[in-house]
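> My structure is in protein-v1.tsv, and what it holds is TSV, C-alpha atoms:
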```tsv
chain	number	residue	atom	x	y	z
A	1	MET	CA	21.34	-32.13	78.56
A	2	LYS	CA	19.79	-28.72	77.88
A	3	SER	CA	21.12	-26.84	74.94
A	4	ALA	CA	20.75	-23.40	73.39
A	5	VAL	CA	21.33	-22.35	69.80
A	6	VAL	CA	22.20	-18.69	69.21
A	7	VAL	CA	20.50	-17.20	66.16
A	8	PHE	CA	22.31	-14.30	64.50
A	9	PRO	CA	20.90	-12.39	61.53
A	10	ALA	CA	21.84	-14.64	58.55
A	11	SER	CA	22.61	-17.73	60.57
A	12	ASN	CA	21.46	-20.58	58.32
A	13	CYS	CA	22.38	-23.78	60.19
A	14	ASP	CA	20.54	-22.91	63.39
A	15	ARG	CA	17.61	-25.14	62.43
A	16	ASP	CA	19.91	-28.02	61.42
A	17	ALA	CA	21.58	-27.77	64.83
A	18	SER	CA	18.22	-27.61	66.56
A	19	VAL	CA	16.86	-30.71	64.77
A	20	ALA	CA	20.02	-32.73	65.50
A	21	LEU	CA	20.04	-31.69	69.16
A	22	GLU	CA	16.38	-32.51	69.63
A	23	GLN	CA	16.74	-35.91	67.95
A	24	ILE	CA	19.74	-36.90	70.03
A	25	THR	CA	19.03	-35.29	73.41
A	26	GLY	CA	15.26	-35.66	73.27
A	27	VAL	CA	14.88	-32.04	74.40
A	28	LYS	CA	14.12	-29.07	72.16
A	29	PRO	CA	16.95	-26.52	72.45
A	30	HIS	CA	16.34	-22.91	73.40
A	31	MET	CA	16.63	-20.72	70.32
A	32	VAL	CA	18.27	-17.51	71.55
A	33	TRP	CA	18.15	-14.36	69.44
A	34	HIS	CA	21.45	-12.48	69.18
A	35	ALA	CA	19.94	-9.34	70.71
A	36	ASP	CA	18.77	-11.15	73.86
A	37	ALA	CA	20.53	-10.31	77.10
A	38	GLU	CA	21.16	-13.84	78.23
A	39	ILE	CA	21.30	-17.55	77.57
A	40	PRO	CA	18.71	-19.42	79.71
A	41	LYS	CA	20.22	-20.42	83.04
A	42	ASP	CA	19.60	-24.16	82.69
A	43	THR	CA	21.73	-24.36	79.52
A	44	ASP	CA	24.55	-26.94	79.53
A	45	LEU	CA	25.62	-26.53	75.90
A	46	ILE	CA	25.62	-23.36	73.80
A	47	VAL	CA	25.84	-23.82	70.01
A	48	LEU	CA	26.97	-21.01	67.73
A	49	PRO	CA	25.67	-22.25	64.37
A	50	GLY	CA	26.88	-21.98	60.81
A	51	GLY	CA	25.78	-19.29	58.42
A	52	PHE	CA	26.81	-15.85	57.30
A	53	SER	CA	26.08	-13.73	60.36
A	54	TYR	CA	25.75	-10.03	59.49
A	55	GLY	CA	26.42	-10.92	55.85
A	56	ASP	CA	30.07	-11.64	56.69
A	57	TYR	CA	30.58	-7.86	56.56
A	58	LEU	CA	34.09	-6.63	57.39
A	59	ARG	CA	35.27	-10.18	58.30
A	60	CYS	CA	33.37	-13.39	59.01
A	61	GLY	CA	32.21	-13.28	62.62
A	62	ALA	CA	33.59	-9.78	63.28
A	63	MET	CA	30.17	-8.20	63.85
A	64	ALA	CA	28.52	-11.17	65.55
A	65	ARG	CA	31.07	-11.18	68.34
A	66	PHE	CA	29.70	-7.82	69.49
A	67	SER	CA	26.12	-9.08	69.62
A	68	ARG	CA	24.48	-8.46	72.97
A	69	VAL	CA	24.12	-12.15	73.78
A	70	MET	CA	27.84	-12.83	73.21
A	71	GLN	CA	28.71	-11.19	76.54
A	72	ASP	CA	26.70	-13.88	78.26
A	73	VAL	CA	28.20	-16.60	76.05
A	74	VAL	CA	31.65	-15.49	77.24
A	75	ALA	CA	30.47	-15.35	80.87
A	76	LYS	CA	28.87	-18.80	80.69
A	77	SER	CA	31.95	-20.31	79.05
A	78	GLN	CA	34.05	-18.93	81.89
A	79	GLU	CA	31.71	-20.70	84.32
A	80	GLY	CA	32.54	-23.91	82.47
A	81	ARG	CA	29.43	-24.39	80.31
A	82	MET	CA	30.14	-26.10	76.99
A	83	VAL	CA	30.31	-23.96	73.84
A	84	LEU	CA	30.35	-25.47	70.36
A	85	GLY	CA	31.03	-23.20	67.37
A	86	ILE	CA	30.35	-24.76	63.99
A	87	CYS	CA	31.61	-23.10	60.78
A	88	ASN	CA	30.55	-19.44	61.16
A	89	GLY	CA	30.33	-20.21	64.89
A	90	PHE	CA	34.05	-21.12	64.84
A	91	GLN	CA	34.79	-17.82	63.08
A	92	VAL	CA	32.83	-15.96	65.77
A	93	LEU	CA	34.80	-17.75	68.52
A	94	THR	CA	38.16	-16.75	67.02
A	95	GLU	CA	37.01	-13.15	66.46
A	96	ALA	CA	35.83	-13.04	70.08
A	97	GLY	CA	39.23	-14.26	71.25
A	98	MET	CA	37.65	-17.35	72.84
A	99	LEU	CA	39.84	-19.51	70.56
A	100	PRO	CA	43.27	-18.56	69.17
A	101	GLY	CA	44.12	-17.93	65.52
A	102	ALA	CA	41.98	-16.77	62.64
A	103	LEU	CA	40.07	-18.21	59.68
A	104	MET	CA	41.08	-16.75	56.34
A	105	ARG	CA	39.91	-17.05	52.77
A	106	ASN	CA	40.33	-20.61	51.43
A	107	ALA	CA	43.77	-20.89	49.85
A	108	ASN	CA	42.34	-21.81	46.43
A	109	LEU	CA	39.74	-18.98	46.67
A	110	LYS	CA	36.93	-21.50	46.11
A	111	PHE	CA	33.90	-22.08	48.29
A	112	ALA	CA	34.31	-25.68	49.53
A	113	CYS	CA	31.02	-27.56	49.75
A	114	ARG	CA	31.47	-31.33	50.02
A	115	PRO	CA	31.97	-34.18	52.48
A	116	VAL	CA	35.56	-34.31	53.78
A	117	GLY	CA	37.51	-36.97	55.63
A	118	LEU	CA	38.60	-35.96	59.14
A	119	ILE	CA	40.80	-37.59	61.73
A	120	VAL	CA	39.64	-37.39	65.35
A	121	GLU	CA	42.97	-36.56	66.98
A	122	GLU	CA	41.89	-36.08	70.58
A	123	THR	CA	39.26	-37.80	72.66
A	124	GLN	CA	40.21	-36.49	76.12
A	125	ASN	CA	37.45	-33.90	76.15
A	126	ALA	CA	33.69	-33.60	76.49
A	127	PHE	CA	33.06	-33.28	72.74
A	128	THR	CA	34.76	-36.37	71.30
A	129	ARG	CA	35.05	-38.89	74.16
A	130	LYS	CA	32.81	-41.36	72.33
A	131	TYR	CA	35.04	-41.43	69.26
A	132	ASN	CA	38.25	-43.46	69.09
A	133	ALA	CA	41.53	-41.54	68.90
A	134	GLY	CA	42.71	-41.67	65.28
A	135	GLN	CA	39.23	-42.56	64.00
A	136	ARG	CA	38.41	-41.37	60.48
A	137	VAL	CA	35.01	-39.72	60.08
A	138	VAL	CA	33.29	-37.86	57.27
A	139	PHE	CA	31.57	-34.51	57.91
A	140	PRO	CA	30.46	-32.06	55.23
A	141	VAL	CA	32.09	-28.64	54.92
A	142	ALA	CA	30.49	-25.56	53.39
A	143	HIS	CA	32.66	-22.48	53.67
A	144	GLY	CA	34.70	-19.95	51.75
A	145	GLU	CA	36.79	-18.85	54.72
A	146	GLY	CA	37.97	-21.83	56.72
A	147	ASN	CA	41.71	-21.55	56.23
A	148	TYR	CA	43.02	-21.77	59.79
A	149	VAL	CA	46.01	-19.53	60.45
A	150	ALA	CA	48.02	-18.93	63.62
A	151	ASP	CA	51.66	-18.21	64.42
A	152	GLU	CA	54.05	-21.14	64.86
A	153	GLU	CA	54.18	-20.69	68.63
A	154	THR	CA	50.38	-20.94	68.90
A	155	LEU	CA	50.30	-23.99	66.62
A	156	ASP	CA	53.00	-25.72	68.69
A	157	ARG	CA	51.11	-24.94	71.88
A	158	LEU	CA	47.85	-26.32	70.44
A	159	GLU	CA	49.66	-29.53	69.47
A	160	GLY	CA	51.50	-29.81	72.78
A	161	GLU	CA	48.37	-29.34	74.84
A	162	GLY	CA	46.32	-31.79	72.78
A	163	ARG	CA	43.91	-29.10	71.64
A	164	ILE	CA	43.76	-30.00	67.93
A	165	VAL	CA	40.67	-32.19	68.04
A	166	PHE	CA	40.01	-32.60	64.32
A	167	ARG	CA	42.38	-32.55	61.36
A	168	TYR	CA	41.50	-32.88	57.70
A	169	ALA	CA	42.77	-36.15	56.30
A	170	PRO	CA	46.09	-35.09	54.69
A	171	SER	CA	44.88	-35.45	51.10
A	172	ASP	CA	41.51	-33.88	51.88
A	173	ASN	CA	42.36	-30.41	53.24
A	174	PRO	CA	39.70	-28.25	51.53
A	175	ASN	CA	41.01	-24.81	52.46
A	176	GLY	CA	44.76	-24.78	53.08
A	177	SER	CA	44.50	-24.75	56.89
A	178	MET	CA	47.85	-24.86	58.64
A	179	ARG	CA	48.75	-28.34	59.89
A	180	ASN	CA	45.43	-29.54	58.41
A	181	ILE	CA	43.56	-28.09	61.40
A	182	ALA	CA	39.78	-28.49	61.22
A	183	GLY	CA	38.80	-28.00	64.88
A	184	ILE	CA	40.41	-26.82	68.13
A	185	LEU	CA	39.69	-26.53	71.85
A	186	ASN	CA	40.32	-23.67	74.25
A	187	GLN	CA	42.70	-24.20	77.16
A	188	LYS	CA	39.90	-25.15	79.59
A	189	ARG	CA	38.65	-27.68	77.00
A	190	ASN	CA	35.04	-26.52	77.23
A	191	VAL	CA	34.96	-24.49	74.00
A	192	LEU	CA	35.30	-26.28	70.64
A	193	GLY	CA	35.32	-24.62	67.25
A	194	LEU	CA	35.34	-26.54	63.96
A	195	MET	CA	34.66	-25.73	60.32
A	196	PRO	CA	32.99	-29.05	59.29
A	197	HIS	CA	29.35	-29.67	60.19
A	198	PRO	CA	28.70	-32.57	62.63
A	199	GLU	CA	25.03	-31.55	62.92
A	200	ARG	CA	24.50	-32.37	59.24
A	201	VAL	CA	25.52	-36.02	59.67
A	202	CYS	CA	23.26	-37.12	62.51
A	203	ASP	CA	20.51	-38.78	60.47
A	204	PRO	CA	21.02	-41.63	57.93
A	205	LEU	CA	18.58	-39.82	55.62
A	206	LEU	CA	21.19	-37.07	55.25
A	207	GLY	CA	23.91	-39.46	54.17
A	208	GLY	CA	25.71	-40.32	57.37
A	209	THR	CA	25.69	-40.45	61.15
A	210	ASP	CA	29.34	-39.70	62.00
A	211	GLY	CA	28.33	-36.51	63.81
A	212	ARG	CA	26.07	-38.18	66.37
A	213	ALA	CA	28.92	-39.28	68.61
A	214	MET	CA	29.80	-35.65	69.28
A	215	PHE	CA	26.41	-34.92	70.81
A	216	GLU	CA	26.36	-38.31	72.56
A	217	SER	CA	29.79	-37.45	74.02
A	218	LEU	CA	28.40	-34.19	75.38
A	219	ILE	CA	25.39	-35.94	76.90
A	220	GLU	CA	27.69	-38.43	78.64
A	221	ALA	CA	30.11	-35.72	79.81
A	222	ILE	CA	27.39	-33.49	81.20
A	223	SER	CA	25.24	-36.12	82.95
B	1	MET	CA	37.66	15.47	60.54
B	2	LYS	CA	37.98	12.65	58.04
B	3	ALA	CA	39.98	9.51	58.51
B	4	ARG	CA	41.13	6.83	56.11
B	5	VAL	CA	42.00	3.50	57.67
B	6	PHE	CA	44.00	1.01	55.64
B	7	VAL	CA	43.75	-2.60	56.81
B	8	THR	CA	46.19	-5.04	55.23
B	9	LEU	CA	47.46	-8.51	55.94
B	10	LYS	CA	50.59	-8.69	58.08
B	11	ASN	CA	53.82	-9.50	56.30
B	12	GLY	CA	54.24	-13.23	56.09
B	13	VAL	CA	50.51	-13.97	56.05
B	14	LEU	CA	49.66	-15.58	52.72
B	15	ASP	CA	47.29	-13.51	50.59
B	16	PRO	CA	45.67	-15.78	47.99
B	17	GLN	CA	43.49	-12.93	46.68
B	18	GLY	CA	46.50	-10.70	46.15
B	19	LYS	CA	48.21	-13.58	44.37
B	20	ALA	CA	45.22	-14.11	42.06
B	21	ILE	CA	45.17	-10.39	41.22
B	22	GLY	CA	48.90	-10.54	40.46
B	23	HIS	CA	48.40	-13.51	38.13
B	24	ALA	CA	45.53	-11.71	36.38
B	25	LEU	CA	47.66	-8.58	35.86
B	26	ASN	CA	50.51	-10.68	34.48
B	27	GLY	CA	47.98	-12.38	32.18
B	28	LEU	CA	46.86	-8.97	30.91
B	29	GLY	CA	50.39	-8.27	29.83
B	30	PHE	CA	51.59	-6.21	32.79
B	31	GLY	CA	54.82	-8.11	32.94
B	32	ALA	CA	56.45	-5.77	35.45
B	33	VAL	CA	53.96	-6.73	38.18
B	34	GLY	CA	55.60	-8.57	41.06
B	35	GLU	CA	53.97	-9.41	44.39
B	36	VAL	CA	50.46	-8.00	44.94
B	37	ARG	CA	48.88	-7.61	48.38
B	38	GLN	CA	45.22	-6.77	48.79
B	39	GLY	CA	43.60	-4.91	51.66
B	40	LYS	CA	40.70	-2.72	52.74
B	41	LEU	CA	40.19	1.02	52.85
B	42	ILE	CA	37.66	2.31	55.38
B	43	GLU	CA	36.67	5.99	55.31
B	44	ILE	CA	35.34	7.45	58.55
B	45	GLU	CA	33.89	10.87	59.29
B	46	LEU	CA	34.55	12.02	62.84
B	47	SER	CA	33.06	14.92	64.77
B	48	GLU	CA	36.17	15.04	66.95
B	49	ARG	CA	38.31	18.17	66.32
B	50	ASP	CA	41.34	17.35	68.42
B	51	GLU	CA	43.78	15.40	66.29
B	52	SER	CA	45.42	13.39	69.04
B	53	LYS	CA	42.05	12.42	70.51
B	54	ALA	CA	40.84	11.41	67.05
B	55	ARG	CA	43.95	9.33	66.51
B	56	ALA	CA	43.57	7.60	69.89
B	57	SER	CA	39.94	6.83	69.19
B	58	LEU	CA	40.70	5.49	65.70
B	59	LYS	CA	43.42	3.27	67.10
B	60	GLU	CA	40.91	1.81	69.54
B	61	MET	CA	38.42	1.24	66.67
B	62	CYS	CA	41.11	-0.64	64.74
B	63	GLU	CA	42.10	-2.81	67.69
B	64	LYS	CA	38.49	-3.60	68.64
B	65	LEU	CA	36.79	-4.05	65.29
B	66	LEU	CA	38.32	-2.78	62.08
B	67	ALA	CA	41.35	-5.08	62.01
B	68	ASN	CA	41.86	-8.61	63.26
B	69	THR	CA	45.34	-8.11	64.68
B	70	VAL	CA	46.05	-11.85	64.58
B	71	ILE	CA	46.49	-11.54	60.82
B	72	GLU	CA	46.08	-7.87	59.90
B	73	LYS	CA	47.84	-4.55	60.46
B	74	TYR	CA	46.43	-1.07	60.03
B	75	GLU	CA	47.45	2.47	59.13
B	76	ILE	CA	45.51	5.62	59.97
B	77	GLU	CA	45.47	8.74	57.82
B	78	LEU	CA	43.77	11.89	59.15
B	79	LYS	CA	42.57	14.97	57.27
B	80	ALA	CA	41.14	18.08	58.89
```
Taking this structure as input, can you express it in the form of structure tokens?


Amino acid sequence: MKSAVVVFPASNCDRDASVALEQITGVKPHMVWHADAEIPKDTDLIVLPGGFSYGDYLRCGAMARFSRVMQDVVAKSQEGRMVLGICNGFQVLTEAGMLPGALMRNANLKFACRPVGLIVEETQNAFTRKYNAGQRVVFPVAHGEGNYVADEETLDRLEGEGRIVFRYAPSDNPNGSMRNIAGILNQKRNVLGLMPHPERVCDPLLGGTDGRAMFESLIEAIS
Amino acid sequence: MKARVFVTLKNGVLDPQGKAIGHALNGLGFGAVGEVRQGKLIEIELSERDESKARASLKEMCEKLLANTVIEKYEIELKA
């Protein structure tokens, strides 16, 4: 599996993503600068990493979505390539309209930076097929604006179509997200956005390996 | 021409920052303060002289970038 990590000004989890991808896939990902015209053609998986792209000016992800390379990210996602948006990457995906809803200021106004319990709700997709449905995993979160908001109709549709992939364990919702939503898929099921960081739990040295199965799922789905 | 664009959360969208400001004002003794909603003010200078063209262009700016219409609404104020 060949992957690419998009680097925006003030991305700060691009290296974490790169290290995890290289460890698990055995191949160094392409690091693609936001001002580049395109993602390399052999790319199977595009990662939009965590961070504070463009200083979170105006709204988180609002500026990054107009980066030059994002046009090609949209085009490649429409061709069916996999796109994974982590944290700020999730915010960019909602701002770009590639995923529904929006991520607002955490309900308690506090930056949440800790491991949280998640439930893997859906495994019928390329990102979580190696997890068990209902499995509890622990990924760290690190965000001030991860409070997922959408209208009731959108929320019902996400539930009905099995597009809520991760939920915070009910007592562990760090940001007030509606229906405890932590990560969702697009309709074609090739774009996943989530606030928690799977790439930070891929090495036992970092305190856990619950995130590995996501990248192993992608390898299996793509091969 | 100068424009002032007000971006605020849609009615019904929870505004924790507004709520915190409200609590703080109550705490300072402003007992009459009820609900507080917080938003953004963006001032824009425009070289456009035609008011309707300026308005159309500002509306497009709001829809494309200045507001996230999933959660926010906007108002445009123009001054010659």

> Neighbourhood query: residues within 10 Å of (49.9, 16.7, 60.8), file coordinates, counting all atoms listed in the file; return as number ranges by chain.

B: 51-52, 77-80

> Provide as a list in words the residues of chain A at most 7 Å from chain B, counting all atoms listed in the file.

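Residues passing the distance filter: Ala62, Gly101, Ala102, Ala107 and Leu109 of chain A.
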
> Could you give me, as a PDB file with C-alpha atoms, in the coordinates of the input, the residues that have an atom at most 12 Å away from the point (16.0, -36.6, 73.9) in the coordinates of the file, using all atoms listed in the file?


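After the write, out_31.pdb holds the following:
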```pdb
ATOM      1  CA  MET A   1      21.340 -32.130  78.560  1.00  0.00           C
ATOM      2  CA  LYS A   2      19.790 -28.720  77.880  1.00  0.00           C
ATOM      3  CA  SER A   3      21.120 -26.840  74.940  1.00  0.00           C
ATOM      4  CA  SER A  18      18.220 -27.610  66.560  1.00  0.00           C
ATOM      5  CA  VAL A  19      16.860 -30.710  64.770  1.00  0.00           C
ATOM      6  CA  ALA A  20      20.020 -32.730  65.500  1.00  0.00           C
ATOM      7  CA  LEU A  21      20.040 -31.690  69.160  1.00  0.00           C
ATOM      8  CA  GLU A  22      16.380 -32.510  69.630  1.00  0.00           C
ATOM      9  CA  GLN A  23      16.740 -35.910  67.950  1.00  0.00           C
ATOM     10  CA  ILE A  24      19.740 -36.900  70.030  1.00  0.00           C
ATOM     11  CA  THR A  25      19.030 -35.290  73.410  1.00  0.00           C
ATOM     12  CA  GLY A  26      15.260 -35.660  73.270  1.00  0.00           C
ATOM     13  CA  VAL A  27      14.880 -32.040  74.400  1.00  0.00           C
ATOM     14  CA  LYS A  28      14.120 -29.070  72.160  1.00  0.00           C
ATOM     15  CA  PRO A  29      16.950 -26.520  72.450  1.00  0.00           C
ATOM     16  CA  PHE A 215      26.410 -34.920  70.810  1.00  0.00           C
ATOM     17  CA  GLU A 216      26.360 -38.310  72.560  1.00  0.00           C
ATOM     18  CA  ILE A 219      25.390 -35.940  76.900  1.00  0.00           C
TER      19      ILE A 219
END
```

> Can you tell me how far atom CA of B:Glu45 sits from atom CA of A:Arg59, in Å to one decimal?

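Calculated distance between atom CA of B:Glu45 and atom CA of A:Arg59 is 21.1 Å.
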
> Could you tell me how far atom CA of A:Val116 lies from atom CA of B:Gly12, in Å and to one decimal?

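Going from atom CA of A:Val116 over to atom CA of B:Gly12 covers 28.3 Å.
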
> Which residue, B:Lys10, B:Val5, B:Gly22, B:Lys53, has the smallest gap to A:Asp151 when you use only C-alpha atoms?

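When distances to A:Asp151 are compared using only C-alpha atoms, the smallest one comes from B:Lys10.
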
> Determine the nearest neighbour of A:Arg15 from the options A:Gly50, A:Pro40, A:Gly146, A:Pro140, counting only C-alpha atoms.

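Among the listed residues, the smallest separation from A:Arg15 belongs to A:Gly50.
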
> For a quick check of understanding, using all atoms listed in the file, which of A:Ile86, A:Val149, A:Ala182, A:Val120 has the smallest distance to B:Leu9?

A:Val149

> Interatomic distance between atom CA of A:Ala4 and atom CA of A:Asp36?

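Computing the Euclidean distance for atom CA of A:Ala4 and atom CA of A:Asp36 yields 12.4 Å.
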
> Find, counting all atoms listed in the file, the residue in B:His23, B:Arg49, B:Lys59, B:Lys73 that gets nearest to B:Lys2.

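That would be B:Arg49, the residue with the smallest distance to B:Lys2.
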
> Taking all atoms listed in the file into account, name the residue in A:Pro170, A:Gly80, A:Pro204, A:Gly183 that is nearest to A:Ile222.

A:Gly80

> Taking into account all atoms listed in the file, which residue in the set B:Leu28, B:Met1, B:Ile44, B:Val33 is nearest to B:Cys62?

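Among B:Leu28, B:Met1, B:Ile44, B:Val33, it is B:Ile44 that comes nearest to B:Cys62.
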
> Quick one: 5 Å padding each side, axis-aligned, all listed atoms of stretch 142-145 of chain A - centre and edge lengths in Å to one decimal, as AutoDock Vina command-line options?


```
--center_x 33.6 --center_y -22.2 --center_z 53.2 --size_x 16.3 --size_y 16.7 --size_z 13.0
```
